[in-house]
Amino acid sequence: MSSAVVIGSGLGGLLCGSILSRHGYNVTVLERGVQTGGCLQSFVRDGIRFDTGFHSVAGLDPGEPLHRVFAPLGLMELPWRKVSSPDEVVVDGVSHFLPKLSEVPALARLKPLAYDLGTEFTEDASANAVEWLKAAGLDPRVLLGVTLRLQSPLAYVSLHEYAHIAYHFMNGSWRLDGGGQVLAQAIVNDIRSRGGSVLTRKEVVEINALADGSCRVLCADGSSFQGLVVSDIHPQETASLVRPQLRPSYLKRLSILKNGSGIFTTYIKLKQKQIRFVDHAISINGMLLHFGQADAEGYALSLDLLTYTDGPVNDREAFAQSLIRLAATRISGLEAAVEAFWTSTPNTWQRYTATPNGSAYGILKEHSRLSICVVSPRTPLPGLYLTGQNLGLHGILGVSYSAVRTCSVILGTEKINQMFGFAQ
Ligand SMILES: Cc1cc2nc3c(=O)[nH]c(=O)nc-3n(C[C@H](O)[C@H](O)[C@H](O)COP(=O)(O)OP(=O)(O)OC[C@H]3O[C@@H](n4cnc5c(N)ncnc54)[C@H](O)[C@@H]3O)c2cc1C
């Protein structure tokens, strides 16, 4: 049996582990943290569970892109729930609900782009999404939806990213009961049920090529593993672990890629029975409001406020209070209903997931040089492959597609097309 070693237990690493273990590989996933899941991790404060990098997804109806990846992996059996109302964008104090796709005929021409595997770079794909929407007579402030606003600057966003992310949210969004950790744990269980291992507190510190075309990875605790290696961590970080160094032209190619902004989150525990739960996500001036759980009578127990930030946040408390005040312009009575809050900054993300500079989505996919910003799963080392959000698109859909791309390079497109029903 061939061995596969996966560096990092984010969604990308776990999905590659699951797919490879279904094709006969003996898989070992190595995670530096104490929890698996990377951005899918959650934490509990004062009895309330908070999600960190997972709130809602799109594309889970049969035939939609994420359903096509998740169904063959058994992940549609998880407790997904379609959100009862469309996402909401507040523009100049006025709420706009995201229209259904069928209500915006001009978007119909994006369908082929929205359903490809994220590797088609037609002229349209590299257009700037804001300019394209304006030229089509549409209001980008509303149609960009809530998730794409969590990155700055919007001037970088391509139609490629728009078609793969915001477009699908117009068909509705989904929550997962129990949050992102449920998704991560289901894939961990799947890998283990096929004889694989998922090990935490295993920080990979070095990667070496072996004469037989495989690689050896060395962990900080002195243990080592060998086989075909898939790295779910940032390509620049992966390259920095390789000894002897990879060829200069490859390192130079990686060095020109910029990373996107980080995210500041305020996790709020609400006083009981004060604020009505809102099922959908809301965006105000680029800040995302997402309610967590509700009690049996429909009152909210918690609320997350997320906004991007480019620099360090010196006074976290004051910044969080300013976000709460902004959120209160839509959720009346919010300020008085806050029982406690906690915050995370890009530094927190760097500490927990080792993402460079705390960047939330990793490599920025600049529309003006899109084909350069999309990184191949192959590296100059024959036994070392890349996966995860830095390759193509971020988010649960983007990372799932990257995992499919990586495995199709390793296993061949025929096996992958057969497994997922692509290109048929
Ligand atoms: C605040 C925030 C909110 C988000 N909300 C949503 C959302 O609602 N919906 C959505 O679709 N997407 C959302 N996303 C995006 C989504 O969570 C990510 O795109 C995706 O989970 C990234 O997965 P990944 O596998 O690429 O990387 P990661 O999740 O970053 O995983 C990488 C893993 O590698 C580990 N690692 C790093 N270095 C080493 C090493 N040397 N050795 C071993 N292990 C190592 C890390 O600890 C980490 O566990 C959000 C992201 C953020 C930051």
# chains A, B, ... in the order shown; residues from 1 in each chain; ligands from 1
call {"tool": "residues_around", "arguments": {"residues": "segment 238-253 of chain A", "least_positions_apart": "6", "cutoff": "6 Å", "atoms": "only C-alpha atoms", "output": "count of residues only"}}
result
3
call {"tool": "residues_around", "arguments": {"residues": "Ile396 of chain A", "least_positions_apart": "5", "cutoff": "9 Å", "atoms": "only C-alpha atoms", "output": "number ranges by chain"}}
result
A: 11-12, 54, 57-58, 66, 389, 401
call {"tool": "write_last_selection", "arguments": {"atoms": "N, CA and C atoms", "output": "PDB file, in the first residue's frame"}}
result
ATOM      1  N   LEU A  11      -9.505  22.024   6.089  1.00  0.00           N
ATOM      2  CA  LEU A  11     -10.438  21.304   5.216  1.00  0.00           C
ATOM      3  C   LEU A  11      -9.726  20.706   4.002  1.00  0.00           C
ATOM      4  N   GLY A  12      -8.805  21.484   3.406  1.00  0.00           N
ATOM      5  CA  GLY A  12      -8.112  21.007   2.216  1.00  0.00           C
ATOM      6  C   GLY A  12      -7.316  19.741   2.489  1.00  0.00           C
ATOM      7  N   PHE A  54     -15.935  29.569   9.988  1.00  0.00           N
ATOM      8  CA  PHE A  54     -17.015  28.898   9.262  1.00  0.00           C
ATOM      9  C   PHE A  54     -18.344  29.415   9.779  1.00  0.00           C
ATOM     10  N   VAL A  57     -22.381  28.331   4.095  1.00  0.00           N
ATOM     11  CA  VAL A  57     -21.860  27.971   2.775  1.00  0.00           C
ATOM     12  C   VAL A  57     -22.992  28.070   1.768  1.00  0.00           C
ATOM     13  N   ALA A  58     -22.613  28.011   0.483  1.00  0.00           N
ATOM     14  CA  ALA A  58     -23.630  27.975  -0.573  1.00  0.00           C
ATOM     15  C   ALA A  58     -23.328  26.765  -1.451  1.00  0.00           C
ATOM     16  N   LEU A  66     -20.886  22.442  -4.517  1.00  0.00           N
ATOM     17  CA  LEU A  66     -20.384  21.827  -3.283  1.00  0.00           C
ATOM     18  C   LEU A  66     -21.062  20.477  -3.034  1.00  0.00           C
ATOM     19  N   GLN A 389      -6.637  26.686   0.485  1.00  0.00           N
ATOM     20  CA  GLN A 389      -7.215  27.926  -0.025  1.00  0.00           C
ATOM     21  C   GLN A 389      -6.240  28.786  -0.823  1.00  0.00           C
ATOM     22  N   TYR A 401     -12.706  22.406  -3.998  1.00  0.00           N
ATOM     23  CA  TYR A 401     -12.286  22.283  -5.399  1.00  0.00           C
ATOM     24  C   TYR A 401     -10.769  22.138  -5.512  1.00  0.00           C
TER      25      TYR A 401
END
call {"tool": "residues_around", "arguments": {"residues": "segment 79-96 of chain A", "least_positions_apart": "5", "cutoff": "9 Å", "atoms": "only C-alpha atoms", "output": "JSON, numbers by chain"}}
result
{"A": [56, 60, 141, 142, 143, 145, 146, 169, 170, 171, 172, 173, 174, 175, 176, 177, 178, 182, 278, 279, 280, 281, 282, 283, 284, 285, 286, 329, 330]}
call {"tool": "atom_distance", "arguments": {"atom1": "atom CA of Arg45 of chain A", "atom2": "atom 2 (C, counted along the ligand's line) of ligand 1"}}
result
18.1 Å
call {"tool": "atom_distance", "arguments": {"atom1": "atom CA of Gly227 of chain A", "atom2": "atom CA of Cys373 of chain A"}}
result
28.1 Å
call {"tool": "select_by_dssp", "arguments": {"residues": "segment 79-285 of chain A", "states": "alpha helix (DSSP H)", "output": "PyMOL selection string"}}
result
chain A and resi 111-114+129-135+140-143+159-164+166-169+180-193+235-241+248-255
call {"tool": "residues_around", "arguments": {"residues": "Leu393 of chain A", "least_positions_apart": "2", "cutoff": "8 Å", "atoms": "only C-alpha atoms", "output": "JSON, numbers by chain"}}
result
{"A": [118, 161, 365, 389, 390, 391, 395, 397, 398, 399, 402]}
